[in-house]
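Participant: TSV, C-alpha atoms, saved as upload.tsv, coming up:
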chain	number	residue	atom	x	y	z
A	236	MET	CA	0.13	12.91	-18.54
A	237	SER	CA	1.13	16.39	-17.45
A	238	GLU	CA	4.84	16.83	-16.86
A	239	ASP	CA	4.07	19.65	-14.40
A	240	GLN	CA	2.32	17.34	-11.97
A	241	VAL	CA	4.57	15.09	-9.89
A	242	LEU	CA	1.63	13.05	-8.57
A	243	LEU	CA	-1.34	12.09	-10.73
A	244	ARG	CA	-4.69	10.96	-9.37
A	245	GLU	CA	-7.42	9.02	-11.12
A	246	ASP	CA	-10.71	7.88	-9.56
A	247	ARG	CA	-12.86	5.19	-11.10
A	248	ASP	CA	-15.62	3.08	-9.51
A	249	GLY	CA	-14.34	3.48	-5.96
A	250	VAL	CA	-10.70	2.85	-6.91
A	251	ARG	CA	-8.12	5.62	-6.72
A	252	THR	CA	-4.84	5.36	-8.61
A	253	LEU	CA	-1.90	7.52	-7.53
A	254	THR	CA	0.85	7.69	-10.15
A	255	LEU	CA	4.32	8.97	-9.30
A	256	ASN	CA	5.04	11.21	-12.27
A	257	ARG	CA	8.74	12.02	-12.55
A	258	PRO	CA	9.65	9.58	-15.32
A	259	ASP	CA	12.84	11.45	-16.22
A	260	ARG	CA	14.13	10.56	-12.73
A	261	LYS	CA	12.59	7.06	-12.66
A	262	ASN	CA	10.03	8.61	-10.31
A	263	ALA	CA	12.56	9.42	-7.61
A	264	ILE	CA	10.70	11.20	-4.82
A	265	ASN	CA	11.74	14.82	-4.25
A	266	ALA	CA	10.47	17.18	-1.52
A	267	GLN	CA	7.39	18.18	-3.51
A	268	LEU	CA	6.43	14.59	-4.26
A	269	TRP	CA	6.90	13.51	-0.62
A	270	GLU	CA	4.54	16.25	0.50
A	271	GLU	CA	1.97	15.60	-2.22
A	272	LEU	CA	2.05	11.87	-1.56
A	273	ALA	CA	1.47	12.40	2.17
A	274	ASP	CA	-1.39	14.81	1.42
A	275	ALA	CA	-2.93	12.37	-1.06
A	276	LEU	CA	-2.81	9.49	1.41
A	277	ARG	CA	-4.36	11.61	4.16
A	278	ALA	CA	-7.08	12.71	1.73
A	279	ALA	CA	-7.72	9.07	0.85
A	280	ALA	CA	-8.19	8.27	4.54
A	281	ARG	CA	-10.94	10.91	4.76
A	282	ASP	CA	-12.76	9.83	1.59
A	283	THR	CA	-15.74	7.71	2.58
A	284	GLU	CA	-16.42	6.76	-1.06
A	285	LEU	CA	-12.98	5.22	-1.59
A	286	ARG	CA	-12.82	1.42	-1.60
A	287	ALA	CA	-9.29	0.61	-2.86
A	288	LEU	CA	-6.04	2.44	-3.67
A	289	VAL	CA	-3.40	1.67	-6.31
A	290	ILE	CA	0.09	3.21	-6.30
A	291	THR	CA	2.18	3.02	-9.46
A	292	GLY	CA	4.81	4.92	-11.43
A	293	ALA	CA	4.92	6.58	-14.83
A	294	GLY	CA	7.28	5.91	-17.73
A	295	GLY	CA	8.24	2.29	-17.14
A	296	ALA	CA	9.53	2.58	-13.56
A	297	PHE	CA	7.87	2.33	-10.17
A	298	CYS	CA	10.21	4.43	-8.02
A	299	SER	CA	13.98	4.72	-7.79
A	300	GLY	CA	13.80	5.93	-4.19
A	301	ALA	CA	14.35	9.32	-2.62
A	302	ASP	CA	15.80	11.92	-4.98
A	303	ILE	CA	19.24	12.74	-3.57
A	304	SER	CA	20.35	14.72	-6.62
A	305	THR	CA	19.08	18.05	-5.32
A	306	GLY	CA	20.25	19.36	-1.96
A	307	GLU	CA	18.08	21.17	0.57
A	308	ASP	CA	19.29	23.56	3.23
A	309	ILE	CA	17.26	21.96	6.02
A	310	HIS	CA	18.10	19.57	8.84
A	311	PRO	CA	17.94	15.88	7.84
A	312	ARG	CA	15.41	15.29	10.64
A	313	HIS	CA	12.93	17.44	8.72
A	314	LYS	CA	13.58	15.45	5.56
A	315	LEU	CA	12.97	12.18	7.38
A	316	ARG	CA	9.74	13.54	8.84
A	317	ARG	CA	8.30	13.58	5.31
A	318	LEU	CA	9.11	9.91	4.91
A	319	THR	CA	7.57	9.11	8.29
A	320	GLU	CA	4.35	10.86	7.33
A	321	VAL	CA	4.06	8.90	4.08
A	322	ALA	CA	4.88	5.53	5.67
A	323	LEU	CA	2.39	5.98	8.50
A	324	ALA	CA	-0.37	7.37	6.29
A	325	LEU	CA	-0.02	4.40	3.93
A	326	HIS	CA	0.12	1.82	6.73
A	327	GLU	CA	-2.89	3.29	8.55
A	328	LEU	CA	-5.07	3.59	5.47
A	329	THR	CA	-8.10	1.40	6.08
A	330	VAL	CA	-8.87	0.56	2.44
A	331	PRO	CA	-6.88	-2.20	0.67
A	332	THR	CA	-3.81	-0.94	-1.18
A	333	ILE	CA	-2.02	-2.33	-4.24
A	334	ALA	CA	1.45	-1.50	-5.55
A	335	LYS	CA	1.63	-1.90	-9.34
A	336	VAL	CA	5.36	-2.22	-9.93
A	337	ASN	CA	6.39	-1.66	-13.54
A	338	GLY	CA	10.17	-1.46	-13.65
A	339	VAL	CA	12.57	-0.67	-10.81
A	340	ALA	CA	11.59	-0.29	-7.17
A	341	VAL	CA	14.67	0.81	-5.27
A	342	GLY	CA	15.36	1.98	-1.71
A	343	ALA	CA	12.46	3.98	-0.33
A	344	GLY	CA	10.65	3.19	-3.58
A	345	TRP	CA	10.71	-0.52	-2.79
A	346	ASN	CA	9.60	0.10	0.79
A	347	LEU	CA	6.76	2.24	-0.54
A	348	ALA	CA	5.60	-0.81	-2.52
A	349	LEU	CA	6.09	-3.12	0.48
A	350	GLY	CA	3.94	-0.76	2.55
A	351	CYS	CA	0.99	-1.69	0.34
A	352	ASP	CA	-1.15	-4.70	1.14
A	353	LEU	CA	-0.56	-6.42	-2.21
A	354	VAL	CA	2.26	-6.08	-4.76
A	355	VAL	CA	1.93	-6.89	-8.47
A	356	ALA	CA	5.07	-6.79	-10.62
A	357	THR	CA	6.19	-7.62	-14.14
A	358	PRO	CA	8.99	-10.05	-15.04
A	359	GLU	CA	11.13	-7.01	-15.89
A	360	SER	CA	10.75	-5.50	-12.40
A	361	ARG	CA	13.88	-5.19	-10.28
A	362	PHE	CA	14.16	-4.55	-6.55
A	363	CYS	CA	16.99	-3.28	-4.35
A	364	GLN	CA	17.44	-1.99	-0.80
A	365	ILE	CA	20.10	0.32	-2.17
A	366	PHE	CA	20.73	2.32	1.00
A	367	SER	CA	24.15	0.90	1.94
A	368	LYS	CA	25.48	1.69	-1.54
A	369	ARG	CA	24.62	5.32	-0.84
A	370	GLY	CA	26.20	5.31	2.62
A	371	LEU	CA	22.77	5.31	4.24
A	372	SER	CA	20.73	3.07	6.51
A	373	VAL	CA	17.36	1.62	5.63
A	374	ASP	CA	14.30	3.90	5.88
A	375	LEU	CA	10.60	4.32	5.00
A	376	GLY	CA	9.73	1.47	7.33
A	377	GLY	CA	12.01	-1.11	5.74
A	378	SER	CA	13.52	-2.09	9.09
A	379	TRP	CA	10.01	-3.00	10.29
A	380	LEU	CA	8.55	-4.42	7.08
A	381	LEU	CA	11.34	-6.67	5.84
A	382	PRO	CA	11.89	-8.86	8.95
A	383	LYS	CA	8.14	-9.46	9.15
A	384	LEU	CA	7.93	-10.44	5.48
A	385	VAL	CA	11.10	-12.50	4.98
A	386	GLY	CA	12.60	-13.08	8.44
A	387	LEU	CA	15.56	-11.39	10.07
A	388	GLN	CA	18.36	-13.19	8.22
A	389	GLN	CA	17.05	-12.53	4.71
A	390	ALA	CA	16.19	-8.95	5.69
A	391	LYS	CA	19.81	-8.44	6.71
A	392	ARG	CA	21.01	-9.94	3.43
A	393	LEU	CA	18.82	-7.60	1.37
A	394	VAL	CA	19.72	-4.48	3.37
A	395	LEU	CA	23.40	-5.05	4.19
A	396	LEU	CA	24.44	-6.33	0.77
A	397	ALA	CA	21.97	-4.22	-1.23
A	398	ASP	CA	21.53	-7.05	-3.74
A	399	MET	CA	19.38	-6.36	-6.79
A	400	ILE	CA	16.81	-9.12	-7.15
A	401	ASP	CA	14.34	-9.88	-9.92
A	402	ALA	CA	10.58	-10.25	-9.69
A	403	GLU	CA	10.55	-14.03	-9.46
A	404	GLU	CA	13.00	-14.08	-6.56
A	405	ALA	CA	11.00	-11.35	-4.85
A	406	ARG	CA	7.83	-13.40	-5.35
A	407	SER	CA	9.48	-16.56	-3.99
A	408	MET	CA	10.45	-14.61	-0.85
A	409	GLY	CA	6.95	-13.25	-0.33
A	410	LEU	CA	7.85	-9.69	-1.33
A	411	VAL	CA	5.70	-9.75	-4.48
A	412	THR	CA	2.20	-11.22	-4.53
A	413	TRP	CA	1.86	-11.78	-8.30
A	414	VAL	CA	4.11	-11.48	-11.35
A	415	LYS	CA	2.23	-10.62	-14.54
A	416	ALA	CA	3.43	-9.91	-18.07
A	417	ALA	CA	3.85	-6.24	-18.94
A	418	ASP	CA	0.90	-6.35	-21.35
A	419	GLU	CA	-1.31	-8.00	-18.70
A	420	ILE	CA	-0.51	-6.08	-15.52
A	421	ASP	CA	-2.87	-3.14	-16.12
A	422	GLY	CA	-5.86	-5.37	-16.69
A	423	PHE	CA	-4.93	-7.67	-13.81
A	424	VAL	CA	-4.57	-4.80	-11.32
A	425	ALA	CA	-7.80	-3.17	-12.54
A	426	ASP	CA	-9.66	-6.45	-11.98
A	427	LEU	CA	-7.99	-6.99	-8.61
A	428	ALA	CA	-8.82	-3.47	-7.43
A	429	GLY	CA	-12.38	-3.91	-8.65
A	430	ARG	CA	-12.75	-7.11	-6.64
A	431	LEU	CA	-11.49	-5.35	-3.52
A	432	ALA	CA	-13.73	-2.35	-4.16
A	433	ALA	CA	-16.73	-4.66	-4.41
A	434	GLY	CA	-15.99	-6.25	-1.04
A	435	PRO	CA	-17.58	-5.33	2.30
A	436	PRO	CA	-15.65	-2.16	3.24
A	437	VAL	CA	-16.05	-2.36	7.01
A	438	ALA	CA	-15.14	-6.05	7.15
A	439	LEU	CA	-12.13	-5.59	4.87
A	440	ALA	CA	-10.91	-2.62	6.92
A	441	GLN	CA	-11.24	-4.61	10.14
A	442	SER	CA	-9.52	-7.67	8.69
A	443	LYS	CA	-6.65	-5.51	7.42
A	444	ALA	CA	-6.23	-3.94	10.87
A	445	LEU	CA	-6.45	-7.32	12.59
A	446	LEU	CA	-3.74	-8.78	10.35
A	447	ASN	CA	-1.46	-5.77	10.84
A	448	ASP	CA	-1.93	-5.84	14.61
A	449	GLY	CA	-1.75	-9.63	14.75
A	450	ALA	CA	1.83	-9.60	13.52
A	451	ASN	CA	2.85	-8.21	16.92
A	452	ALA	CA	0.18	-9.80	19.11
A	453	THR	CA	-0.05	-12.98	21.14
A	454	LEU	CA	-2.75	-15.46	20.16
A	455	ARG	CA	-4.81	-14.36	23.17
A	456	GLU	CA	-4.55	-10.72	22.12
A	457	ALA	CA	-5.40	-11.55	18.50
A	458	LEU	CA	-8.48	-13.53	19.53
A	459	ALA	CA	-9.62	-10.67	21.76
A	460	ASN	CA	-9.16	-8.20	18.91
A	461	GLU	CA	-11.19	-10.45	16.60
A	462	ALA	CA	-13.96	-10.74	19.18
A	463	ARG	CA	-14.16	-6.96	19.46
A	464	ALA	CA	-14.18	-6.44	15.69
A	465	GLN	CA	-16.80	-8.99	14.62
A	466	PRO	CA	-19.85	-7.32	16.24
A	467	GLY	CA	-19.10	-4.22	14.18
A	468	ASN	CA	-19.54	-6.28	11.02
A	469	PHE	CA	-22.89	-7.67	12.21
A	470	ALA	CA	-24.00	-4.08	12.77
A	471	THR	CA	-23.70	-3.25	9.06
A	472	ALA	CA	-26.12	-4.03	6.24
A	473	ASP	CA	-23.37	-6.09	4.59
A	474	SER	CA	-23.82	-9.08	6.88
A	475	THR	CA	-27.54	-9.38	6.12
A	476	GLU	CA	-26.87	-8.76	2.41
A	477	ALA	CA	-24.24	-11.51	2.29
A	478	TYR	CA	-26.62	-14.09	3.73
A	479	ALA	CA	-29.44	-12.98	1.42
A	480	ALA	CA	-27.18	-13.13	-1.63
A	481	PHE	CA	-26.05	-16.63	-0.68
A	482	ALA	CA	-29.64	-17.83	-0.27
A	483	GLN	CA	-30.68	-16.25	-3.58
A	484	LYS	CA	-27.58	-17.50	-5.43
A	485	ARG	CA	-26.49	-14.02	-6.56
A	486	ASP	CA	-23.53	-11.70	-6.02
A	487	ALA	CA	-23.75	-9.55	-2.92
A	488	THR	CA	-23.76	-5.75	-3.14
A	489	PHE	CA	-21.83	-4.35	-0.19
A	490	THR	CA	-22.21	-0.77	1.05
A	491	GLY	CA	-20.76	-0.73	4.56
A	492	GLN	CA	-23.85	1.08	5.80
A	493	TRP	CA	-24.68	1.05	9.50
A	494	ALA	CA	-27.80	-1.05	10.08
A	495	VAL	CA	-28.48	-0.75	13.80
A	496	PRO	CA	-31.85	0.96	14.27
A	497	ARG	CA	-31.74	4.29	16.07
A	498	SER	CA	-33.23	4.16	19.53
A	499	GLU	CA	-36.11	6.49	20.20
A	500	LYS	CA	-36.44	8.17	23.56
Mind turning this structure into structure tokens?
Facilitator:
Amino acid sequence: MSEDQVLLREDRDGVRTLTLNRPDRKNAINAQLWEELADALRAAARDTELRALVITGAGGAFCSGADISTGEDIHPRHKLRRLTEVALALHELTVPTIAKVNGVAVGAGWNLALGCDLVVATPESRFCQIFSKRGLSVDLGGSWLLPKLVGLQQAKRLVLLADMIDAEEARSMGLVTWVKAADEIDGFVADLAGRLAAGPPVALAQSKALLNDGANATLREALANEARAQPGNFATADSTEAYAAFAQKRDATFTGQWAVPRSEK
């Protein structure tokens, strides 16, 4: 890995891995990394070949949060705008996202992981909403994410007390999806990302959006959203391919291609 690059990118078989690369700072996010991360997420949103995204950290840590060790002579509102851009770009990304947490995930670093659709950690991983210990309030979407994931009372416990919790407790609270041994996590995440990349891209994107929107919707609204989304799936080649693969007892090959014939005038 190059020490000059604060964000590394690797593409393989429709899966993109973004690696925070400031291991000497436990991948704390400085101004340059905030900007590059936002740019990388926006680029991912435009990439029609991308099927899944993994975010991880270099050097045995995921992310120790925002780097507060170097001051900037700009208004704090401008600093927070960088965080807003990253949080929104990650949340609005249509492809499935995975946080591979190896080591600490603290403050904005933990909320970066929680902004992903799935979180895989190792038994050595540690998590903390450290903001109050720095005289700060929660950011990077933590005030929105945590109550939805663990309920209001536990969210207040994690944020107000800034307790450090281990991977098993995080998993029991629904903040980590899987805990895998350090020597297994790379292979597990690669397989998981491959499974997502092999899925029907339009259907997965719509299901992800429906679940995100459903968290704030009434049942009537959720059902209406589902009814609007499903015809879009039938209009792709994936629906026909899925039925054919089932009948032929084989794995389906999904492309997301539009299959409605063009009308001729």
Participant: Report the distance between CA of Gly249 (chain A) and CA of Gly422 (chain A) in Å, rounded to one decimal place.
Facilitator: 16.3 Å
Participant: Pick from A:Asp274, A:Glu245, A:Glu461, A:Asp302: nearest to Leu323 (chain A), with only C-alpha atoms counted?
Facilitator: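 Between A:Asp274, A:Glu245, A:Glu461, A:Asp302, the residue approaching Leu323 (chain A) most closely is A:Asp274.
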Participant: Mind giving me the straight-line distance from CA of Gly294 (chain A) to CA of Thr254 (chain A) in Å, one decimal?
Facilitator: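 Interatomic distance here is 10.1 Å.
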Participant: From the set A:Val385, A:Val341, A:Leu427, A:Leu439, which residue has the shortest atom-to-atom contact distance to Ala397 (chain A), counting all atoms listed in the file?
Facilitator: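 Counting all atoms listed in the file, the residue closest to Ala397 (chain A) is A:Val341.
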Participant: Closest to Ala450 (chain A) among A:Arg463, A:Leu380, A:Lys484, A:Lys391, using all atoms listed in the file?
Facilitator: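 The closest residue to Ala450 (chain A) is A:Leu380.
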Participant: From the options A:Lys368, A:Lys335, A:Arg455, A:His313, which residue's atoms come nearest to Ile420 (chain A), counting all atoms listed in the file?
Facilitator: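 Of all the options, A:Lys335 lies closest to Ile420 (chain A).
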Participant: Using all atoms listed in the file, give me every residue within 12 Å of (8.5, 21.9, -3.7) in file coordinates, as a list in words.
Facilitator: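 Protein, DNA and RNA residues close to (8.5, 21.9, -3.7): Asp239, Gln240, Val241, Ile264, Asn265, Ala266, Gln267, Leu268, Trp269, Glu270, Glu271, Thr305 and Glu307 of chain A.
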Participant: Under the rule that all atoms listed in the file are counted, which of A:His326, A:Arg251, A:Lys415, A:Arg316 is the nearest residue to Ile290 (chain A)?
Facilitator: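 Once distances to Ile290 (chain A) are computed over all atoms listed in the file, the minimum belongs to A:Arg251.
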